[in-house]
Structure formats: C-alpha cells, structure tokens
$ cat work.pdb   # PDB, C-alpha atoms
ATOM      1  CA  MET A 106      44.100 -20.527  32.041  1.00  0.00           C
ATOM      2  CA  GLN A 107      44.394 -23.292  29.460  1.00  0.00           C
ATOM      3  CA  GLY A 108      41.055 -24.801  28.387  1.00  0.00           C
ATOM      4  CA  GLY A 109      39.071 -22.070  30.171  1.00  0.00           C
ATOM      5  CA  PHE A 110      37.466 -18.744  29.130  1.00  0.00           C
ATOM      6  CA  PRO A 111      39.691 -15.673  29.096  1.00  0.00           C
ATOM      7  CA  ILE A 112      38.999 -13.471  32.112  1.00  0.00           C
ATOM      8  CA  ASP A 113      38.562 -10.333  29.941  1.00  0.00           C
ATOM      9  CA  LEU A 114      35.644 -11.956  28.031  1.00  0.00           C
ATOM     10  CA  ILE A 115      33.938 -12.829  31.305  1.00  0.00           C
ATOM     11  CA  LEU A 116      34.283  -9.214  32.485  1.00  0.00           C
ATOM     12  CA  PHE A 117      32.875  -7.854  29.184  1.00  0.00           C
ATOM     13  CA  ALA A 118      29.871 -10.218  29.469  1.00  0.00           C
ATOM     14  CA  MET A 119      29.146  -9.028  33.020  1.00  0.00           C
ATOM     15  CA  VAL A 120      29.289  -5.363  31.959  1.00  0.00           C
ATOM     16  CA  ALA A 121      26.984  -6.020  28.970  1.00  0.00           C
ATOM     17  CA  ALA A 122      24.441  -7.836  31.160  1.00  0.00           C
ATOM     18  CA  PHE A 123      24.463  -4.929  33.624  1.00  0.00           C
ATOM     19  CA  LEU A 124      23.813  -2.393  30.804  1.00  0.00           C
ATOM     20  CA  VAL A 125      20.913  -4.472  29.440  1.00  0.00           C
ATOM     21  CA  LEU A 126      19.273  -4.595  32.863  1.00  0.00           C
ATOM     22  CA  ARG A 127      19.711  -0.820  33.258  1.00  0.00           C
ATOM     23  CA  LEU A 128      18.155  -0.115  29.852  1.00  0.00           C
ATOM     24  CA  ARG A 129      15.158  -2.334  30.628  1.00  0.00           C
ATOM     25  CA  SER A 130      14.578  -0.594  33.918  1.00  0.00           C
ATOM     26  CA  VAL A 131      14.643   2.851  32.260  1.00  0.00           C
ATOM     27  CA  LEU A 132      12.833   2.167  28.939  1.00  0.00           C
ATOM     28  CA  GLY A 133      10.678  -0.841  29.748  1.00  0.00           C
ATOM     29  CA  LYS A 134      10.021  -3.762  27.390  1.00  0.00           C
ATOM     30  CA  ARG A 135       7.662  -3.301  24.426  1.00  0.00           C
ATOM     31  CA  GLN A 136       5.672  -6.393  23.572  1.00  0.00           C
ATOM     32  CA  GLY A 137       4.128  -5.100  20.312  1.00  0.00           C
ATOM     33  CA  PHE A 138       0.554  -4.648  21.603  1.00  0.00           C
ATOM     34  CA  GLU A 139       1.045  -1.445  23.533  1.00  0.00           C
ATOM     35  CA  ARG A 140      -0.341   1.824  22.177  1.00  0.00           C
ATOM     36  CA  GLN A 141       2.234   4.302  20.986  1.00  0.00           C
ATOM     37  CA  PRO A 142       2.411   7.439  23.158  1.00  0.00           C
ATOM     38  CA  GLN A 143      -0.041  10.066  21.850  1.00  0.00           C
ATOM     39  CA  PRO A 144       0.749  13.795  21.815  1.00  0.00           C
ATOM     40  CA  GLN A 145      -1.049  15.999  24.271  1.00  0.00           C
ATOM     41  CA  GLY A 146      -4.146  17.293  22.499  1.00  0.00           C
ATOM     42  CA  LEU A 147      -5.179  20.934  22.436  1.00  0.00           C
ATOM     43  CA  PRO A 148      -8.828  21.989  22.291  1.00  0.00           C
ATOM     44  CA  ASP A 149      -8.566  23.596  18.842  1.00  0.00           C
ATOM     45  CA  GLY A 150      -7.207  20.517  17.067  1.00  0.00           C
ATOM     46  CA  ARG A 151      -3.507  21.368  17.445  1.00  0.00           C
ATOM     47  CA  THR A 152      -0.800  19.399  19.208  1.00  0.00           C
ATOM     48  CA  ALA A 153       2.275  20.399  21.202  1.00  0.00           C
ATOM     49  CA  ARG A 154       5.585  18.735  20.313  1.00  0.00           C
ATOM     50  CA  ALA A 155       8.122  17.746  22.944  1.00  0.00           C
ATOM     51  CA  ASP A 156      10.086  20.908  22.203  1.00  0.00           C
ATOM     52  CA  GLY A 157       7.029  23.049  22.903  1.00  0.00           C
ATOM     53  CA  VAL A 158       6.283  23.921  19.252  1.00  0.00           C
ATOM     54  CA  VAL A 159       2.555  23.832  18.430  1.00  0.00           C
ATOM     55  CA  GLU A 160       1.672  22.063  15.176  1.00  0.00           C
ATOM     56  CA  GLU A 161      -1.593  22.048  13.249  1.00  0.00           C
ATOM     57  CA  ILE A 162      -3.233  18.662  12.710  1.00  0.00           C
ATOM     58  CA  ALA A 163      -5.704  18.129   9.864  1.00  0.00           C
ATOM     59  CA  PRO A 164      -9.078  16.934  11.202  1.00  0.00           C
ATOM     60  CA  ALA A 165      -9.982  13.321  10.499  1.00  0.00           C
ATOM     61  CA  ARG A 166     -12.343  12.840   7.581  1.00  0.00           C
ATOM     62  CA  ARG A 167     -15.835  12.026   8.765  1.00  0.00           C
ATOM     63  CA  GLU A 168     -17.711   9.110   7.314  1.00  0.00           C
ATOM     64  CA  ALA A 169     -20.971  10.033   5.638  1.00  0.00           C
ATOM     65  CA  ARG A 170     -24.123   8.939   7.430  1.00  0.00           C
ATOM     66  CA  ARG A 171     -25.769   6.061   5.577  1.00  0.00           C
ATOM     67  CA  ILE A 172     -29.462   5.296   5.510  1.00  0.00           C
ATOM     68  CA  ILE A 173     -30.498   1.795   4.456  1.00  0.00           C
ATOM     69  CA  PRO A 174     -34.285   1.312   4.254  1.00  0.00           C
ATOM     70  CA  ASP A 175     -36.188  -1.077   6.485  1.00  0.00           C
ATOM     71  CA  PRO A 176     -36.151  -4.502   4.776  1.00  0.00           C
ATOM     72  CA  ARG A 177     -39.886  -4.824   5.520  1.00  0.00           C
ATOM     73  CA  GLY A 178     -40.763  -1.684   3.551  1.00  0.00           C
ATOM     74  CA  PRO A 179     -41.233  -1.419  -0.227  1.00  0.00           C
ATOM     75  CA  VAL A 180     -37.721  -0.062  -0.872  1.00  0.00           C
ATOM     76  CA  GLY A 181     -36.172  -2.690   1.371  1.00  0.00           C
ATOM     77  CA  GLN A 182     -38.104  -5.387  -0.450  1.00  0.00           C
ATOM     78  CA  GLY A 183     -36.849  -3.999  -3.748  1.00  0.00           C
ATOM     79  CA  LEU A 184     -33.288  -4.297  -2.473  1.00  0.00           C
ATOM     80  CA  ALA A 185     -33.993  -7.883  -1.449  1.00  0.00           C
ATOM     81  CA  ARG A 186     -35.222  -8.714  -4.974  1.00  0.00           C
ATOM     82  CA  ILE A 187     -32.053  -7.232  -6.462  1.00  0.00           C
ATOM     83  CA  GLY A 188     -29.960  -9.260  -4.016  1.00  0.00           C
ATOM     84  CA  ALA A 189     -31.817 -12.445  -4.926  1.00  0.00           C
ATOM     85  CA  ALA A 190     -31.130 -11.851  -8.632  1.00  0.00           C
ATOM     86  CA  ASP A 191     -27.528 -10.767  -8.033  1.00  0.00           C
ATOM     87  CA  PRO A 192     -25.912 -12.438  -4.986  1.00  0.00           C
ATOM     88  CA  SER A 193     -22.971 -10.016  -5.167  1.00  0.00           C
ATOM     89  CA  PHE A 194     -25.266  -7.066  -4.420  1.00  0.00           C
ATOM     90  CA  GLU A 195     -25.119  -5.648  -0.887  1.00  0.00           C
ATOM     91  CA  PRO A 196     -26.533  -2.200   0.048  1.00  0.00           C
ATOM     92  CA  ASN A 197     -23.501  -0.901   1.953  1.00  0.00           C
ATOM     93  CA  GLY A 198     -21.131  -2.089  -0.758  1.00  0.00           C
ATOM     94  CA  PHE A 199     -23.379  -0.458  -3.337  1.00  0.00           C
ATOM     95  CA  LEU A 200     -23.211   2.859  -1.447  1.00  0.00           C
ATOM     96  CA  ASP A 201     -19.405   2.636  -1.424  1.00  0.00           C
ATOM     97  CA  GLY A 202     -19.447   2.435  -5.204  1.00  0.00           C
ATOM     98  CA  ALA A 203     -22.167   5.072  -5.516  1.00  0.00           C
ATOM     99  CA  GLU A 204     -20.133   7.589  -3.512  1.00  0.00           C
ATOM    100  CA  GLY A 205     -17.088   6.928  -5.671  1.00  0.00           C
ATOM    101  CA  ALA A 206     -19.149   7.341  -8.835  1.00  0.00           C
ATOM    102  CA  PHE A 207     -20.735  10.540  -7.501  1.00  0.00           C
ATOM    103  CA  ARG A 208     -17.366  12.142  -6.784  1.00  0.00           C
ATOM    104  CA  MET A 209     -15.931  11.003 -10.118  1.00  0.00           C
ATOM    105  CA  ILE A 210     -18.893  12.177 -12.205  1.00  0.00           C
ATOM    106  CA  VAL A 211     -19.149  15.562 -10.483  1.00  0.00           C
ATOM    107  CA  GLY A 212     -15.431  16.170 -10.980  1.00  0.00           C
ATOM    108  CA  ALA A 213     -15.405  14.956 -14.595  1.00  0.00           C
ATOM    109  CA  PHE A 214     -18.411  17.100 -15.522  1.00  0.00           C
ATOM    110  CA  ALA A 215     -16.776  20.215 -14.081  1.00  0.00           C
ATOM    111  CA  ALA A 216     -13.543  19.454 -15.947  1.00  0.00           C
ATOM    112  CA  GLY A 217     -15.340  18.580 -19.192  1.00  0.00           C
ATOM    113  CA  ASP A 218     -13.762  15.114 -19.086  1.00  0.00           C
ATOM    114  CA  ARG A 219     -15.934  13.211 -21.571  1.00  0.00           C
ATOM    115  CA  ALA A 220     -13.748  10.093 -21.563  1.00  0.00           C
ATOM    116  CA  THR A 221     -14.354   9.576 -17.843  1.00  0.00           C
ATOM    117  CA  LEU A 222     -18.072  10.356 -18.055  1.00  0.00           C
ATOM    118  CA  ARG A 223     -18.968   8.119 -20.994  1.00  0.00           C
ATOM    119  CA  PRO A 224     -18.764   4.662 -19.328  1.00  0.00           C
ATOM    120  CA  LEU A 225     -20.434   5.910 -16.137  1.00  0.00           C
ATOM    121  CA  LEU A 226     -23.606   7.289 -17.756  1.00  0.00           C
ATOM    122  CA  SER A 227     -26.451   5.894 -19.809  1.00  0.00           C
ATOM    123  CA  ASP A 228     -26.742   7.120 -23.390  1.00  0.00           C
ATOM    124  CA  ASP A 229     -29.490   9.647 -22.608  1.00  0.00           C
ATOM    125  CA  THR A 230     -27.769  10.955 -19.475  1.00  0.00           C
ATOM    126  CA  TYR A 231     -24.460  11.297 -21.280  1.00  0.00           C
ATOM    127  CA  ALA A 232     -26.136  13.264 -24.071  1.00  0.00           C
ATOM    128  CA  GLY A 233     -27.448  15.750 -21.500  1.00  0.00           C
ATOM    129  CA  PHE A 234     -24.099  16.105 -19.752  1.00  0.00           C
ATOM    130  CA  GLU A 235     -22.183  16.405 -23.023  1.00  0.00           C
ATOM    131  CA  GLY A 236     -24.577  19.089 -24.293  1.00  0.00           C
ATOM    132  CA  ALA A 237     -24.045  21.151 -21.128  1.00  0.00           C
ATOM    133  CA  ILE A 238     -20.256  20.793 -21.433  1.00  0.00           C
ATOM    134  CA  ARG A 239     -20.356  21.820 -25.100  1.00  0.00           C
ATOM    135  CA  ALA A 240     -22.488  24.893 -24.328  1.00  0.00           C
ATOM    136  CA  ARG A 241     -20.055  25.891 -21.584  1.00  0.00           C
ATOM    137  CA  GLU A 242     -17.086  25.495 -23.918  1.00  0.00           C
ATOM    138  CA  ASN A 243     -18.779  27.510 -26.681  1.00  0.00           C
ATOM    139  CA  ALA A 244     -19.378  30.328 -24.193  1.00  0.00           C
ATOM    140  CA  GLY A 245     -15.726  30.255 -23.132  1.00  0.00           C
ATOM    141  CA  GLU A 246     -16.708  29.371 -19.575  1.00  0.00           C
ATOM    142  CA  THR A 247     -15.019  27.075 -17.082  1.00  0.00           C
ATOM    143  CA  GLN A 248     -16.571  25.387 -14.076  1.00  0.00           C
ATOM    144  CA  ARG A 249     -15.058  24.707 -10.695  1.00  0.00           C
ATOM    145  CA  THR A 250     -16.744  22.190  -8.419  1.00  0.00           C
ATOM    146  CA  GLU A 251     -15.278  20.858  -5.178  1.00  0.00           C
ATOM    147  CA  ILE A 252     -16.945  18.344  -2.876  1.00  0.00           C
ATOM    148  CA  ARG A 253     -15.699  19.407   0.533  1.00  0.00           C
ATOM    149  CA  SER A 254     -17.527  16.764   2.575  1.00  0.00           C
ATOM    150  CA  MET A 255     -20.233  14.148   2.247  1.00  0.00           C
ATOM    151  CA  HIS A 256     -22.855  14.313   4.991  1.00  0.00           C
ATOM    152  CA  GLU A 257     -25.351  11.648   4.080  1.00  0.00           C
ATOM    153  CA  MET A 258     -26.176   8.944   1.545  1.00  0.00           C
ATOM    154  CA  ALA A 259     -29.644   7.434   1.645  1.00  0.00           C
ATOM    155  CA  ILE A 260     -31.190   4.757  -0.555  1.00  0.00           C
ATOM    156  CA  GLU A 261     -34.593   6.162  -1.469  1.00  0.00           C
ATOM    157  CA  GLY A 262     -35.738   3.741  -4.137  1.00  0.00           C
ATOM    158  CA  ALA A 263     -34.999   0.222  -5.376  1.00  0.00           C
ATOM    159  CA  ASP A 264     -36.678  -2.046  -7.887  1.00  0.00           C
ATOM    160  CA  LEU A 265     -36.026  -4.946 -10.226  1.00  0.00           C
ATOM    161  CA  ARG A 266     -37.814  -4.872 -13.582  1.00  0.00           C
ATOM    162  CA  GLY A 267     -36.996  -8.001 -15.515  1.00  0.00           C
ATOM    163  CA  ASN A 268     -33.201  -8.118 -15.492  1.00  0.00           C
ATOM    164  CA  THR A 269     -32.780  -4.395 -14.828  1.00  0.00           C
ATOM    165  CA  ALA A 270     -31.986  -3.337 -11.271  1.00  0.00           C
ATOM    166  CA  GLU A 271     -32.557   0.297 -10.356  1.00  0.00           C
ATOM    167  CA  VAL A 272     -31.456   2.062  -7.160  1.00  0.00           C
ATOM    168  CA  THR A 273     -32.016   5.734  -6.276  1.00  0.00           C
ATOM    169  CA  VAL A 274     -29.663   7.459  -3.830  1.00  0.00           C
ATOM    170  CA  ARG A 275     -29.918  10.847  -2.147  1.00  0.00           C
ATOM    171  CA  PHE A 276     -26.504  12.499  -1.648  1.00  0.00           C
ATOM    172  CA  THR A 277     -26.150  15.422   0.753  1.00  0.00           C
ATOM    173  CA  SER A 278     -22.779  17.141   0.523  1.00  0.00           C
ATOM    174  CA  ASP A 279     -20.957  20.422   1.080  1.00  0.00           C
ATOM    175  CA  GLN A 280     -19.776  21.805  -2.242  1.00  0.00           C
ATOM    176  CA  VAL A 281     -18.158  24.824  -3.840  1.00  0.00           C
ATOM    177  CA  ASN A 282     -19.648  25.536  -7.282  1.00  0.00           C
ATOM    178  CA  LEU A 283     -18.814  28.450  -9.528  1.00  0.00           C
ATOM    179  CA  THR A 284     -18.567  29.198 -13.242  1.00  0.00           C
ATOM    180  CA  ASN A 285     -16.047  31.659 -14.651  1.00  0.00           C
ATOM    181  CA  GLY A 286     -16.404  33.566 -17.910  1.00  0.00           C
ATOM    182  CA  ARG A 287     -13.805  34.190 -20.601  1.00  0.00           C
ATOM    183  CA  ASN A 288     -12.107  36.901 -18.564  1.00  0.00           C
ATOM    184  CA  GLY A 289     -12.139  34.969 -15.304  1.00  0.00           C
ATOM    185  CA  GLU A 290     -15.170  36.771 -13.870  1.00  0.00           C
ATOM    186  CA  ILE A 291     -17.697  34.726 -11.908  1.00  0.00           C
ATOM    187  CA  VAL A 292     -20.854  34.330 -13.976  1.00  0.00           C
ATOM    188  CA  ALA A 293     -22.632  31.779 -11.771  1.00  0.00           C
ATOM    189  CA  GLY A 294     -22.271  30.385  -8.266  1.00  0.00           C
ATOM    190  CA  SER A 295     -19.681  31.505  -5.726  1.00  0.00           C
ATOM    191  CA  ASP A 296     -16.692  30.241  -3.815  1.00  0.00           C
ATOM    192  CA  ALA A 297     -18.799  29.857  -0.661  1.00  0.00           C
ATOM    193  CA  ILE A 298     -19.448  26.367   0.681  1.00  0.00           C
ATOM    194  CA  THR A 299     -23.071  25.356   0.111  1.00  0.00           C
ATOM    195  CA  GLU A 300     -24.989  22.276   1.187  1.00  0.00           C
ATOM    196  CA  VAL A 301     -26.297  20.511  -1.914  1.00  0.00           C
ATOM    197  CA  THR A 302     -28.735  17.598  -2.143  1.00  0.00           C
ATOM    198  CA  ASP A 303     -28.673  15.494  -5.310  1.00  0.00           C
ATOM    199  CA  ILE A 304     -30.918  12.540  -6.100  1.00  0.00           C
ATOM    200  CA  TRP A 305     -29.357  10.118  -8.586  1.00  0.00           C
ATOM    201  CA  THR A 306     -30.697   6.894 -10.045  1.00  0.00           C
ATOM    202  CA  PHE A 307     -28.401   4.055 -11.116  1.00  0.00           C
ATOM    203  CA  GLN A 308     -29.218   1.014 -13.259  1.00  0.00           C
ATOM    204  CA  ARG A 309     -27.563  -2.298 -14.002  1.00  0.00           C
ATOM    205  CA  ASP A 310     -28.438  -5.462 -15.926  1.00  0.00           C
ATOM    206  CA  VAL A 311     -28.046  -8.159 -13.280  1.00  0.00           C
ATOM    207  CA  THR A 312     -27.383 -10.835 -15.935  1.00  0.00           C
ATOM    208  CA  SER A 313     -24.447  -8.901 -17.395  1.00  0.00           C
ATOM    209  CA  SER A 314     -20.853  -9.862 -16.642  1.00  0.00           C
ATOM    210  CA  ASP A 315     -20.140  -6.123 -16.365  1.00  0.00           C
ATOM    211  CA  PRO A 316     -20.546  -5.196 -12.675  1.00  0.00           C
ATOM    212  CA  SER A 317     -20.816  -1.459 -13.397  1.00  0.00           C
ATOM    213  CA  TRP A 318     -23.874   0.584 -12.500  1.00  0.00           C
ATOM    214  CA  ARG A 319     -24.672   3.510 -14.775  1.00  0.00           C
ATOM    215  CA  LEU A 320     -26.256   6.819 -13.902  1.00  0.00           C
ATOM    216  CA  VAL A 321     -29.617   7.141 -15.682  1.00  0.00           C
ATOM    217  CA  ALA A 322     -31.281  10.140 -13.985  1.00  0.00           C
ATOM    218  CA  THR A 323     -30.348  13.136 -11.835  1.00  0.00           C
ATOM    219  CA  ARG A 324     -32.308  15.827 -10.036  1.00  0.00           C
ATOM    220  CA  SER A 325     -31.812  18.278  -7.210  1.00  0.00           C
ATOM    221  CA  ALA A 326     -33.905  18.201  -4.057  1.00  0.00           C
TER
END

$ encode --input "work.pdb" --output "structure tokens"
Amino acid sequence: MQGGFPIDLILFAMVAAFLVLRLRSVLGKRQGFERQPQPQGLPDGRTARADGVVEEIAPARREARRIIPDPRGPVGQGLARIGAADPSFEPNGFLDGAEGAFRMIVGAFAAGDRATLRPLLSDDTYAGFEGAIRARENAGETQRTEIRSMHEMAIEGADLRGNTAEVTVRFTSDQVNLTNGRNGEIVAGSDAITEVTDIWTFQRDVTSSDPSWRLVATRSA
C-alpha cells in the first residue's frame, strides 16, 4: 500500500512484542534493588551448585573486637586531650592504623626487613629489633610468623605530655611462631596456632606535619 507501512514489518513487530511479554512473564523484571539469588547454604560452610557439585567457601574474615575506654575515665580523658591537640585524631581511626602497623611490623621483623621497620619504630625500639635480627642472622636462623586472626584491640593507656601523644594498645591475636636453624630444624616455637597478647605503645608529635605514629615500647602480657 503506497504511503503505508509494509504488512511484513507490522507482523514482525507483533511477534517481537509477544516474545517480550513472554520473557517478562518467565524471568520477571529486575529493577536493580533486588538481592541476587544466594546459593543454598550447608551447615559446614560449603555450598551446592545448581549441578549438584559441592564447593568449599572460605569463611568471612571476622572483625577484631575493639575496646575504647570510657571517656569519663583517665584513659578516656587522655584520648580527649590528644583529640583537642590534634583534631584529626579519632580512636577508631587510630586503631585501624595500629592494626595495620602491628601486622606490618610483625611481618617485617620475622623477615628481617629493616627498611620497612625503620620508619615505623623509634630509635631505641629499632635498635632492639635490629639487634635481634642481627643475632638471628649470625646464628643462621630464620623466623616464620603468621598472624592468623586478630581477636581484640583495646586502648589501655593514653596521655599527652607537651606535644607528645602516647597511646598504648593491647593486641590479642592467633599466631604461628617458629624459628628454624641452619639445617631447617625447629629451634624455637612450633607450627601450632597460639593465642598471643602483645601490649604496644605508640607516640607521635601532634605539632608535626608527619601523621605517622611510631612504636616506642613492646611487651607481652
């Protein structure tokens, strides 16, 4: 028909519209806010695929429990004084950095990585760590330390002396610690997972443009 639509195009459009309606009725319309279908969970942390194959799923990493002192107590008041002198200071943010520093320092000490340790430690603390690394190297020993999980981080002390802020944190973690001799034999520790509690003290000059805190003291609980 002149000036009109060809009949075959009209038929194709009708078929396409029918297929769209059928697909919507079978699949539904996703608006972008719906949760994706989750696999059927199994009690031991595995999941079953659609084809019946059971797959292992790694457990989600747990967040370490954090203990921030009561702001009315002496430690809480010390934190408040640090915050007044350094508006960027916030206890939870500090613990984020402290956990990162803890993991980095523990790993670097085990590996004998002096370049990583040096900017993270005070002069006196670095001298102690470096001496222990040197003694280990002279004995032909190697150390393996793995932090398997962090259970708890608690701020146990806080003070501001002049421009120097000081915060003490108790870390409770599961670790594997062992030292091997020249021939690979275990001379200290074991490959068993052990709960370890470390108490570390960090310092920072609040007037400095350098935001880094440095480790100034360590002890085991």

$ residues_near_point --input "work.pdb" --point "(-24.9, 29.2, 1.0)" --cutoff "12 Å" --atoms "all atoms listed in the file" --output "PDB file with C-alpha atoms, keeping the file's coordinate frame"
ATOM      1  CA  ASP A 279     -20.957  20.422   1.080  1.00  0.00           C
ATOM      2  CA  GLN A 280     -19.776  21.805  -2.242  1.00  0.00           C
ATOM      3  CA  VAL A 281     -18.158  24.824  -3.840  1.00  0.00           C
ATOM      4  CA  ASN A 282     -19.648  25.536  -7.282  1.00  0.00           C
ATOM      5  CA  GLY A 294     -22.271  30.385  -8.266  1.00  0.00           C
ATOM      6  CA  SER A 295     -19.681  31.505  -5.726  1.00  0.00           C
ATOM      7  CA  ASP A 296     -16.692  30.241  -3.815  1.00  0.00           C
ATOM      8  CA  ALA A 297     -18.799  29.857  -0.661  1.00  0.00           C
ATOM      9  CA  ILE A 298     -19.448  26.367   0.681  1.00  0.00           C
ATOM     10  CA  THR A 299     -23.071  25.356   0.111  1.00  0.00           C
ATOM     11  CA  GLU A 300     -24.989  22.276   1.187  1.00  0.00           C
ATOM     12  CA  VAL A 301     -26.297  20.511  -1.914  1.00  0.00           C
TER      13      VAL A 301
END

$ atom_distance --input "work.pdb" --atom1 "atom CA of Gly245 of chain A" --atom2 "atom CA of Glu290 of chain A"
11.3 Å

$ resolve_selection --input "work.pdb" --expression "the PyMOL selection byres ((chain A and resi 231) around 12)" --output "ChimeraX atom specification"
/A:210,213-214,217-230,232-239,319-323

$ resolve_selection --input "work.pdb" --expression "the PyMOL selection byres ((chain A and resi 190) around 9)" --output "count of residues only"
13

$ atom_distance --input "work.pdb" --atom1 "atom CA of Thr277 of chain A" --atom2 "atom CA of Gly262 of chain A"
15.9 Å

$ atom_distance --input "work.pdb" --atom1 "atom CA of Leu283 of chain A" --atom2 "atom CA of Gln248 of chain A"
5.9 Å

$ residues_near_point --input "work.pdb" --point "(-15.2, 30.8, -13.1)" --cutoff "7 Å" --atoms "all atoms listed in the file" --output "list in words"
Glu246, Thr247, Gln248, Arg249, Leu283, Thr284, Asn285, Gly286, Gly289, Glu290, Ile291 and Val292 of chain A

$ closest_residue --input "work.pdb" --among "A:Arg241, A:Arg309, A:Arg287, A:Arg171" --to "Glu261 of chain A" --atoms "all atoms listed in the file"
A:Arg171

$ closest_residue --input "work.pdb" --among "A:Val272, A:Arg170, A:Ser254, A:Leu200" --to "Leu184 of chain A" --atoms "only C-alpha atoms"
A:Val272

$ residues_around --input "work.pdb" --residues "Met258 of chain A" --least-positions-apart "6" --cutoff "10 Å" --atoms "only C-alpha atoms" --output "ChimeraX atom specification"
/A:169-173,200-201,203-204,274-278,302-304

$ closest_residue --input "work.pdb" --among "A:Thr273, A:Asn243, A:Ser313, A:Thr250" --to "Pro196 of chain A" --atoms "only C-alpha atoms"
A:Thr273
